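Okay, so here's the structure we're looking at.
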Amino acid sequence: MSDRTAAVTRETAETEIEVTLDVDGDGDATVDTGIGFFDHMLEALAKHGLFDLTVDCDGDLEIDDHHTVEDVAITLGQAVEEALGDKRGIRRYADRKVPLDEAVAEVVVDVSGRPFFEFDGTFAQAQVGEFTSHMGQHFLRSLATNAGLTLHASVTGENAHHQVEALFKALARALDDATRIDDRRSDTPSTKGEL
């Protein structure tokens with residue numbers, strides 16, 4: 001198996017971002033987006049998905065968190081797609097349900113090459129620190145679109161911190177499962193022969 005790694009940069013008038021990703025890592029993360037709670041969520045994504053991840057983002061936080069969160073998701077999604085290459089041997093499908101106290105999040109993923117996103121749930125509070133709760137949903141949408149994932153996510157709960165964190169942890173576990181190599185498979189997991 002070749003290295004499943006990627007390094008992607010993105011520079012716009014709103015953000016400058018550098019991301020490195022090792023799909024077969026140990027869960028190590030070095031993250032600096034300027035948004036403490038978002039950094040915590042990306043670190044949780046790496047830790048629980050066993051991805052090695054670095055994210056360095058200089059965004060227009062004087063406006064709000066939208067461009068930073070969205071552009072990190074775009075860049076990370078591109079890194080996921082690049083690191084997986086032709087997706088030969090991956091399991092492809094996975095679903096995980098993760099609780100965090102009263103909150104429960106579920107993520108179902110197909111590493112299909114066909115971007116689609118569906119979300120069910122509302123966040124109990126509008127903000128978690130400097131992070132707009134709705135940006136948790138938007139992060140998932142932007143990631144799915146740029147990684148070529150079919151992604152269905154849902155969340156319930158009474159505390160937005162718990163809800164968003166459960167979503168990131170469920171995403172981490174589902175992505176880890178779906179991107180694992182199945183030793184029984186030598187080809188791409190599709191009757192078409194490619195994803």
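Residues in the structure tokens are named by chain (A, B, ... in the order shown) and by number from 1 within that chain; ligands are numbered from 1 in the order shown.
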- Message: What parts of region 33-186 of chain A does DSSP call strand (DSSP E or B)? I'd like the answer as a PyMOL selection string.
- Response: chain A and resi 52-59+90+93-100+103-110+116-120+127-128+131-132+150-156+181
Would you write out those residues with C-alpha atoms, as a compact mmCIF listing (two decimals), in the first residue's frame?
# COMPACT_ATOMS: atom_id res chain seq x y z
CA ASP A 52 -2.28 12.77 11.48
CA LEU A 53 -3.37 16.32 10.71
CA THR A 54 -1.84 19.76 10.56
CA VAL A 55 -3.95 22.83 9.86
CA ASP A 56 -2.60 26.37 9.76
CA CYS A 57 -5.15 29.02 8.85
CA ASP A 58 -4.96 32.80 8.79
CA GLY A 59 -8.54 33.92 8.19
CA ILE A 90 -11.01 0.74 0.96
CA TYR A 93 -19.11 2.59 3.61
CA ALA A 94 -19.42 3.24 7.32
CA ASP A 95 -21.78 4.56 9.95
CA ARG A 96 -21.19 5.62 13.51
CA LYS A 97 -23.35 6.90 16.33
CA VAL A 98 -21.51 8.75 19.10
CA PRO A 99 -22.90 10.12 22.38
CA LEU A 100 -21.53 12.98 24.42
CA ALA A 103 -26.14 14.68 22.87
CA VAL A 104 -26.08 11.94 20.23
CA ALA A 105 -24.69 12.33 16.72
CA GLU A 106 -24.88 9.90 13.83
CA VAL A 107 -22.80 9.99 10.65
CA VAL A 108 -23.27 7.68 7.66
CA VAL A 109 -20.67 7.95 4.92
CA ASP A 110 -20.03 6.54 1.45
CA PHE A 116 -24.08 14.65 -1.36
CA PHE A 117 -24.99 15.99 2.08
CA GLU A 118 -28.06 15.60 4.26
CA PHE A 119 -28.44 16.92 7.81
CA ASP A 120 -31.11 16.55 10.47
CA GLN A 127 -22.52 29.98 19.67
CA VAL A 128 -19.83 27.85 21.29
CA PHE A 131 -17.61 29.27 16.87
CA THR A 132 -21.08 29.67 15.33
CA THR A 150 -22.03 11.03 0.40
CA LEU A 151 -22.58 12.10 3.99
CA HIS A 152 -25.71 11.91 6.12
CA ALA A 153 -25.50 13.40 9.61
CA SER A 154 -27.91 14.01 12.45
CA VAL A 155 -27.69 15.28 16.00
CA THR A 156 -29.88 15.69 19.07
CA ILE A 181 -8.06 -1.05 3.79
- Write out as a PyMOL selection string each polymer residue whose atoms come within 9 Å of region 45-47 of chain A, counting only C-alpha atoms; drop sequence neighbours fewer than 2 positions from it. chain A and resi 25-29+40-43+49-53+168-173
I need the chosen residues saved as a PDB file, in the first residue's frame, with N, CA, C and O atoms.
ATOM      1  N   GLY A  25      -2.464   7.543  10.119  1.00  0.00           N
ATOM      2  CA  GLY A  25      -1.636   8.118  11.167  1.00  0.00           C
ATOM      3  C   GLY A  25      -1.906   7.531  12.540  1.00  0.00           C
ATOM      4  O   GLY A  25      -2.471   6.439  12.685  1.00  0.00           O
ATOM      5  N   ASP A  26      -1.540   8.313  13.536  1.00  0.00           N
ATOM      6  CA  ASP A  26      -1.680   7.912  14.930  1.00  0.00           C
ATOM      7  C   ASP A  26      -2.634   8.812  15.710  1.00  0.00           C
ATOM      8  O   ASP A  26      -2.800   8.639  16.917  1.00  0.00           O
ATOM      9  N   GLY A  27      -3.228   9.791  15.034  1.00  0.00           N
ATOM     10  CA  GLY A  27      -4.130  10.720  15.713  1.00  0.00           C
ATOM     11  C   GLY A  27      -3.447  11.975  16.207  1.00  0.00           C
ATOM     12  O   GLY A  27      -3.990  12.691  17.044  1.00  0.00           O
ATOM     13  N   ASP A  28      -2.254  12.257  15.683  1.00  0.00           N
ATOM     14  CA  ASP A  28      -1.525  13.460  16.079  1.00  0.00           C
ATOM     15  C   ASP A  28      -2.043  14.672  15.309  1.00  0.00           C
ATOM     16  O   ASP A  28      -2.294  14.580  14.112  1.00  0.00           O
ATOM     17  N   ALA A  29      -2.182  15.794  15.999  1.00  0.00           N
ATOM     18  CA  ALA A  29      -2.700  17.002  15.356  1.00  0.00           C
ATOM     19  C   ALA A  29      -1.966  18.233  15.841  1.00  0.00           C
ATOM     20  O   ALA A  29      -1.667  18.361  17.030  1.00  0.00           O
ATOM     21  N   HIS A  40     -10.156  22.700  18.690  1.00  0.00           N
ATOM     22  CA  HIS A  40     -10.484  21.538  19.525  1.00  0.00           C
ATOM     23  C   HIS A  40     -11.226  20.477  18.709  1.00  0.00           C
ATOM     24  O   HIS A  40     -10.958  19.270  18.841  1.00  0.00           O
ATOM     25  N   MET A  41     -12.149  20.900  17.844  1.00  0.00           N
ATOM     26  CA  MET A  41     -12.906  19.947  17.028  1.00  0.00           C
ATOM     27  C   MET A  41     -12.006  19.259  16.004  1.00  0.00           C
ATOM     28  O   MET A  41     -12.130  18.048  15.768  1.00  0.00           O
ATOM     29  N   LEU A  42     -11.112  19.993  15.370  1.00  0.00           N
ATOM     30  CA  LEU A  42     -10.193  19.384  14.399  1.00  0.00           C
ATOM     31  C   LEU A  42      -9.220  18.427  15.082  1.00  0.00           C
ATOM     32  O   LEU A  42      -8.881  17.372  14.521  1.00  0.00           O
ATOM     33  N   GLU A  43      -8.785  18.782  16.289  1.00  0.00           N
ATOM     34  CA  GLU A  43      -7.937  17.874  17.062  1.00  0.00           C
ATOM     35  C   GLU A  43      -8.697  16.593  17.414  1.00  0.00           C
ATOM     36  O   GLU A  43      -8.139  15.490  17.365  1.00  0.00           O
ATOM     37  N   GLY A  49     -10.189   9.698  14.641  1.00  0.00           N
ATOM     38  CA  GLY A  49     -10.093   9.060  13.340  1.00  0.00           C
ATOM     39  C   GLY A  49      -8.731   8.442  13.081  1.00  0.00           C
ATOM     40  O   GLY A  49      -8.520   7.798  12.062  1.00  0.00           O
ATOM     41  N   LEU A  50      -7.794   8.658  14.018  1.00  0.00           N
ATOM     42  CA  LEU A  50      -6.412   8.205  13.871  1.00  0.00           C
ATOM     43  C   LEU A  50      -5.779   8.745  12.590  1.00  0.00           C
ATOM     44  O   LEU A  50      -5.062   8.047  11.877  1.00  0.00           O
ATOM     45  N   PHE A  51      -6.080  10.018  12.321  1.00  0.00           N
ATOM     46  CA  PHE A  51      -5.469  10.726  11.203  1.00  0.00           C
ATOM     47  C   PHE A  51      -4.397  11.656  11.780  1.00  0.00           C
ATOM     48  O   PHE A  51      -4.633  12.310  12.792  1.00  0.00           O
ATOM     49  N   ASP A  52      -3.242  11.737  11.127  1.00  0.00           N
ATOM     50  CA  ASP A  52      -2.281  12.774  11.480  1.00  0.00           C
ATOM     51  C   ASP A  52      -2.652  14.008  10.668  1.00  0.00           C
ATOM     52  O   ASP A  52      -2.795  13.930   9.441  1.00  0.00           O
ATOM     53  N   LEU A  53      -2.812  15.138  11.343  1.00  0.00           N
ATOM     54  CA  LEU A  53      -3.369  16.319  10.707  1.00  0.00           C
ATOM     55  C   LEU A  53      -2.649  17.571  11.168  1.00  0.00           C
ATOM     56  O   LEU A  53      -2.430  17.757  12.367  1.00  0.00           O
ATOM     57  N   PHE A 168     -18.352  15.819  15.251  1.00  0.00           N
ATOM     58  CA  PHE A 168     -16.970  15.669  14.787  1.00  0.00           C
ATOM     59  C   PHE A 168     -16.411  14.294  15.149  1.00  0.00           C
ATOM     60  O   PHE A 168     -15.685  13.683  14.363  1.00  0.00           O
ATOM     61  N   LYS A 169     -16.754  13.780  16.322  1.00  0.00           N
ATOM     62  CA  LYS A 169     -16.274  12.456  16.729  1.00  0.00           C
ATOM     63  C   LYS A 169     -16.932  11.349  15.903  1.00  0.00           C
ATOM     64  O   LYS A 169     -16.273  10.373  15.521  1.00  0.00           O
ATOM     65  N   ALA A 170     -18.219  11.498  15.616  1.00  0.00           N
ATOM     66  CA  ALA A 170     -18.897  10.508  14.771  1.00  0.00           C
ATOM     67  C   ALA A 170     -18.317  10.534  13.362  1.00  0.00           C
ATOM     68  O   ALA A 170     -18.112   9.484  12.732  1.00  0.00           O
ATOM     69  N   LEU A 171     -18.041  11.729  12.849  1.00  0.00           N
ATOM     70  CA  LEU A 171     -17.393  11.851  11.539  1.00  0.00           C
ATOM     71  C   LEU A 171     -16.036  11.164  11.553  1.00  0.00           C
ATOM     72  O   LEU A 171     -15.696  10.418  10.628  1.00  0.00           O
ATOM     73  N   ALA A 172     -15.257  11.398  12.599  1.00  0.00           N
ATOM     74  CA  ALA A 172     -13.932  10.791  12.700  1.00  0.00           C
ATOM     75  C   ALA A 172     -14.004   9.274  12.655  1.00  0.00           C
ATOM     76  O   ALA A 172     -13.275   8.623  11.890  1.00  0.00           O
ATOM     77  N   ARG A 173     -14.888   8.697  13.455  1.00  0.00           N
ATOM     78  CA  ARG A 173     -14.992   7.230  13.510  1.00  0.00           C
ATOM     79  C   ARG A 173     -15.513   6.664  12.195  1.00  0.00           C
ATOM     80  O   ARG A 173     -15.026   5.631  11.722  1.00  0.00           O
TER      81      ARG A 173
END
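As for CA of Ala7 (chain A) and CA of Phe139 (chain A), they are spaced 19.1 Å apart.
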- Name the closest residue to Glu16 (chain A) among the candidates A:His67, A:His162, A:Arg180, A:Arg91; distances are taken between atoms, counting only C-alpha atoms. A:His67
Distance query Thr75 (chain A) at most 9 Å, only C-alpha atoms, self and fewer than 6 positions along chain excluded, as a compact mmCIF listing (two decimals) with C-alpha atoms, in the first residue's frame:
# COMPACT_ATOMS: atom_id res chain seq x y z
CA VAL A 8 -2.99 21.08 0.20
CA THR A 9 -2.86 24.86 0.34
CA ARG A 10 -5.59 27.41 -0.32
CA ILE A 17 -4.56 27.74 4.67
CA GLU A 18 -2.07 24.89 4.74
CA VAL A 19 -3.26 21.35 5.51
CA LEU A 143 -15.97 18.65 3.56
CA ASN A 146 -14.72 18.58 -1.64
- Task: From region 4-191 of chain A, collect each residue whose DSSP state is alpha helix (DSSP H) and return the set as a ChimeraX atom specification.
- Result: /A:36-49,66-84,134-147,160-179
- All residues 12 Å or closer to Ser142 (chain A), only C-alpha atoms, same chain fewer than 2 positions away omitted, as an MDAnalysis selection string: chainID A and resid 66:78 115:118 135:140 144:151
Selection above as a file: N, CA and C atoms, as a PDB file, in the first residue's frame:
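Just written: selection-v5.pdb:
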ATOM      1  N   HIS A  66     -17.080  32.366   9.529  1.00  0.00           N
ATOM      2  CA  HIS A  66     -17.605  31.619   8.391  1.00  0.00           C
ATOM      3  C   HIS A  66     -16.516  31.223   7.389  1.00  0.00           C
ATOM      4  N   HIS A  67     -15.760  32.195   6.901  1.00  0.00           N
ATOM      5  CA  HIS A  67     -14.771  31.899   5.858  1.00  0.00           C
ATOM      6  C   HIS A  67     -13.695  30.947   6.359  1.00  0.00           C
ATOM      7  N   THR A  68     -13.277  31.111   7.602  1.00  0.00           N
ATOM      8  CA  THR A  68     -12.249  30.236   8.162  1.00  0.00           C
ATOM      9  C   THR A  68     -12.732  28.797   8.228  1.00  0.00           C
ATOM     10  N   VAL A  69     -13.908  28.569   8.804  1.00  0.00           N
ATOM     11  CA  VAL A  69     -14.425  27.211   8.945  1.00  0.00           C
ATOM     12  C   VAL A  69     -14.689  26.594   7.573  1.00  0.00           C
ATOM     13  N   GLU A  70     -15.349  27.336   6.703  1.00  0.00           N
ATOM     14  CA  GLU A  70     -15.671  26.821   5.373  1.00  0.00           C
ATOM     15  C   GLU A  70     -14.414  26.484   4.575  1.00  0.00           C
ATOM     16  N   ASP A  71     -13.443  27.387   4.569  1.00  0.00           N
ATOM     17  CA  ASP A  71     -12.253  27.165   3.747  1.00  0.00           C
ATOM     18  C   ASP A  71     -11.364  26.066   4.306  1.00  0.00           C
ATOM     19  N   VAL A  72     -11.315  25.906   5.633  1.00  0.00           N
ATOM     20  CA  VAL A  72     -10.597  24.763   6.194  1.00  0.00           C
ATOM     21  C   VAL A  72     -11.275  23.470   5.764  1.00  0.00           C
ATOM     22  N   ALA A  73     -12.605  23.430   5.776  1.00  0.00           N
ATOM     23  CA  ALA A  73     -13.335  22.229   5.342  1.00  0.00           C
ATOM     24  C   ALA A  73     -13.075  21.929   3.872  1.00  0.00           C
ATOM     25  N   ILE A  74     -13.060  22.963   3.039  1.00  0.00           N
ATOM     26  CA  ILE A  74     -12.761  22.773   1.612  1.00  0.00           C
ATOM     27  C   ILE A  74     -11.375  22.180   1.441  1.00  0.00           C
ATOM     28  N   THR A  75     -10.398  22.771   2.112  1.00  0.00           N
ATOM     29  CA  THR A  75      -9.008  22.332   1.973  1.00  0.00           C
ATOM     30  C   THR A  75      -8.816  20.926   2.532  1.00  0.00           C
ATOM     31  N   LEU A  76      -9.406  20.651   3.688  1.00  0.00           N
ATOM     32  CA  LEU A  76      -9.314  19.312   4.264  1.00  0.00           C
ATOM     33  C   LEU A  76     -10.009  18.289   3.364  1.00  0.00           C
ATOM     34  N   GLY A  77     -11.161  18.647   2.803  1.00  0.00           N
ATOM     35  CA  GLY A  77     -11.840  17.747   1.878  1.00  0.00           C
ATOM     36  C   GLY A  77     -10.972  17.409   0.674  1.00  0.00           C
ATOM     37  N   GLN A  78     -10.304  18.405   0.115  1.00  0.00           N
ATOM     38  CA  GLN A  78      -9.402  18.168  -1.007  1.00  0.00           C
ATOM     39  C   GLN A  78      -8.242  17.267  -0.594  1.00  0.00           C
ATOM     40  N   PRO A 115     -20.460  13.699  -4.364  1.00  0.00           N
ATOM     41  CA  PRO A 115     -20.779  14.533  -3.199  1.00  0.00           C
ATOM     42  C   PRO A 115     -22.286  14.685  -2.986  1.00  0.00           C
ATOM     43  N   PHE A 116     -22.695  14.429  -1.754  1.00  0.00           N
ATOM     44  CA  PHE A 116     -24.083  14.651  -1.356  1.00  0.00           C
ATOM     45  C   PHE A 116     -24.071  14.834   0.153  1.00  0.00           C
ATOM     46  N   PHE A 117     -24.935  15.741   0.647  1.00  0.00           N
ATOM     47  CA  PHE A 117     -24.986  15.986   2.084  1.00  0.00           C
ATOM     48  C   PHE A 117     -26.424  16.142   2.531  1.00  0.00           C
ATOM     49  N   GLU A 118     -26.745  15.495   3.636  1.00  0.00           N
ATOM     50  CA  GLU A 118     -28.063  15.603   4.262  1.00  0.00           C
ATOM     51  C   GLU A 118     -27.851  15.743   5.762  1.00  0.00           C
ATOM     52  N   MET A 135     -22.072  26.445  11.938  1.00  0.00           N
ATOM     53  CA  MET A 135     -20.902  26.161  11.118  1.00  0.00           C
ATOM     54  C   MET A 135     -20.448  24.712  11.252  1.00  0.00           C
ATOM     55  N   GLY A 136     -20.894  24.010  12.294  1.00  0.00           N
ATOM     56  CA  GLY A 136     -20.631  22.570  12.377  1.00  0.00           C
ATOM     57  C   GLY A 136     -21.270  21.840  11.211  1.00  0.00           C
ATOM     58  N   GLN A 137     -22.521  22.177  10.933  1.00  0.00           N
ATOM     59  CA  GLN A 137     -23.232  21.600   9.785  1.00  0.00           C
ATOM     60  C   GLN A 137     -22.568  22.026   8.481  1.00  0.00           C
ATOM     61  N   HIS A 138     -22.218  23.299   8.380  1.00  0.00           N
ATOM     62  CA  HIS A 138     -21.615  23.805   7.149  1.00  0.00           C
ATOM     63  C   HIS A 138     -20.237  23.183   6.909  1.00  0.00           C
ATOM     64  N   PHE A 139     -19.476  22.941   7.969  1.00  0.00           N
ATOM     65  CA  PHE A 139     -18.199  22.252   7.842  1.00  0.00           C
ATOM     66  C   PHE A 139     -18.403  20.887   7.194  1.00  0.00           C
ATOM     67  N   LEU A 140     -19.377  20.121   7.690  1.00  0.00           N
ATOM     68  CA  LEU A 140     -19.641  18.789   7.146  1.00  0.00           C
ATOM     69  C   LEU A 140     -20.017  18.857   5.668  1.00  0.00           C
ATOM     70  N   ALA A 144     -17.749  17.233   2.709  1.00  0.00           N
ATOM     71  CA  ALA A 144     -18.329  16.200   1.845  1.00  0.00           C
ATOM     72  C   ALA A 144     -18.222  16.583   0.373  1.00  0.00           C
ATOM     73  N   THR A 145     -18.532  17.832   0.071  1.00  0.00           N
ATOM     74  CA  THR A 145     -18.490  18.305  -1.316  1.00  0.00           C
ATOM     75  C   THR A 145     -17.092  18.189  -1.893  1.00  0.00           C
ATOM     76  N   ASN A 146     -16.084  18.534  -1.122  1.00  0.00           N
ATOM     77  CA  ASN A 146     -14.722  18.575  -1.642  1.00  0.00           C
ATOM     78  C   ASN A 146     -13.962  17.267  -1.508  1.00  0.00           C
ATOM     79  N   ALA A 147     -14.421  16.377  -0.645  1.00  0.00           N
ATOM     80  CA  ALA A 147     -13.805  15.052  -0.526  1.00  0.00           C
ATOM     81  C   ALA A 147     -14.512  14.028  -1.407  1.00  0.00           C
ATOM     82  N   GLY A 148     -15.653  14.392  -1.984  1.00  0.00           N
ATOM     83  CA  GLY A 148     -16.421  13.454  -2.796  1.00  0.00           C
ATOM     84  C   GLY A 148     -17.126  12.411  -1.958  1.00  0.00           C
ATOM     85  N   LEU A 149     -17.696  12.843  -0.847  1.00  0.00           N
ATOM     86  CA  LEU A 149     -18.388  11.933   0.062  1.00  0.00           C
ATOM     87  C   LEU A 149     -19.892  12.085  -0.041  1.00  0.00           C
ATOM     88  N   THR A 150     -20.611  10.985   0.061  1.00  0.00           N
ATOM     89  CA  THR A 150     -22.027  11.033   0.396  1.00  0.00           C
ATOM     90  C   THR A 150     -22.071  10.951   1.912  1.00  0.00           C
ATOM     91  N   LEU A 151     -22.646  11.980   2.541  1.00  0.00           N
ATOM     92  CA  LEU A 151     -22.582  12.105   3.993  1.00  0.00           C
ATOM     93  C   LEU A 151     -23.952  12.480   4.540  1.00  0.00           C
TER      94      LEU A 151
END
- Task: Mind giving me the straight-line distance from CA of Asp22 (chain A) to CA of Asp3 (chain A) in Å, one decimal?
- Result: 7.9 Å
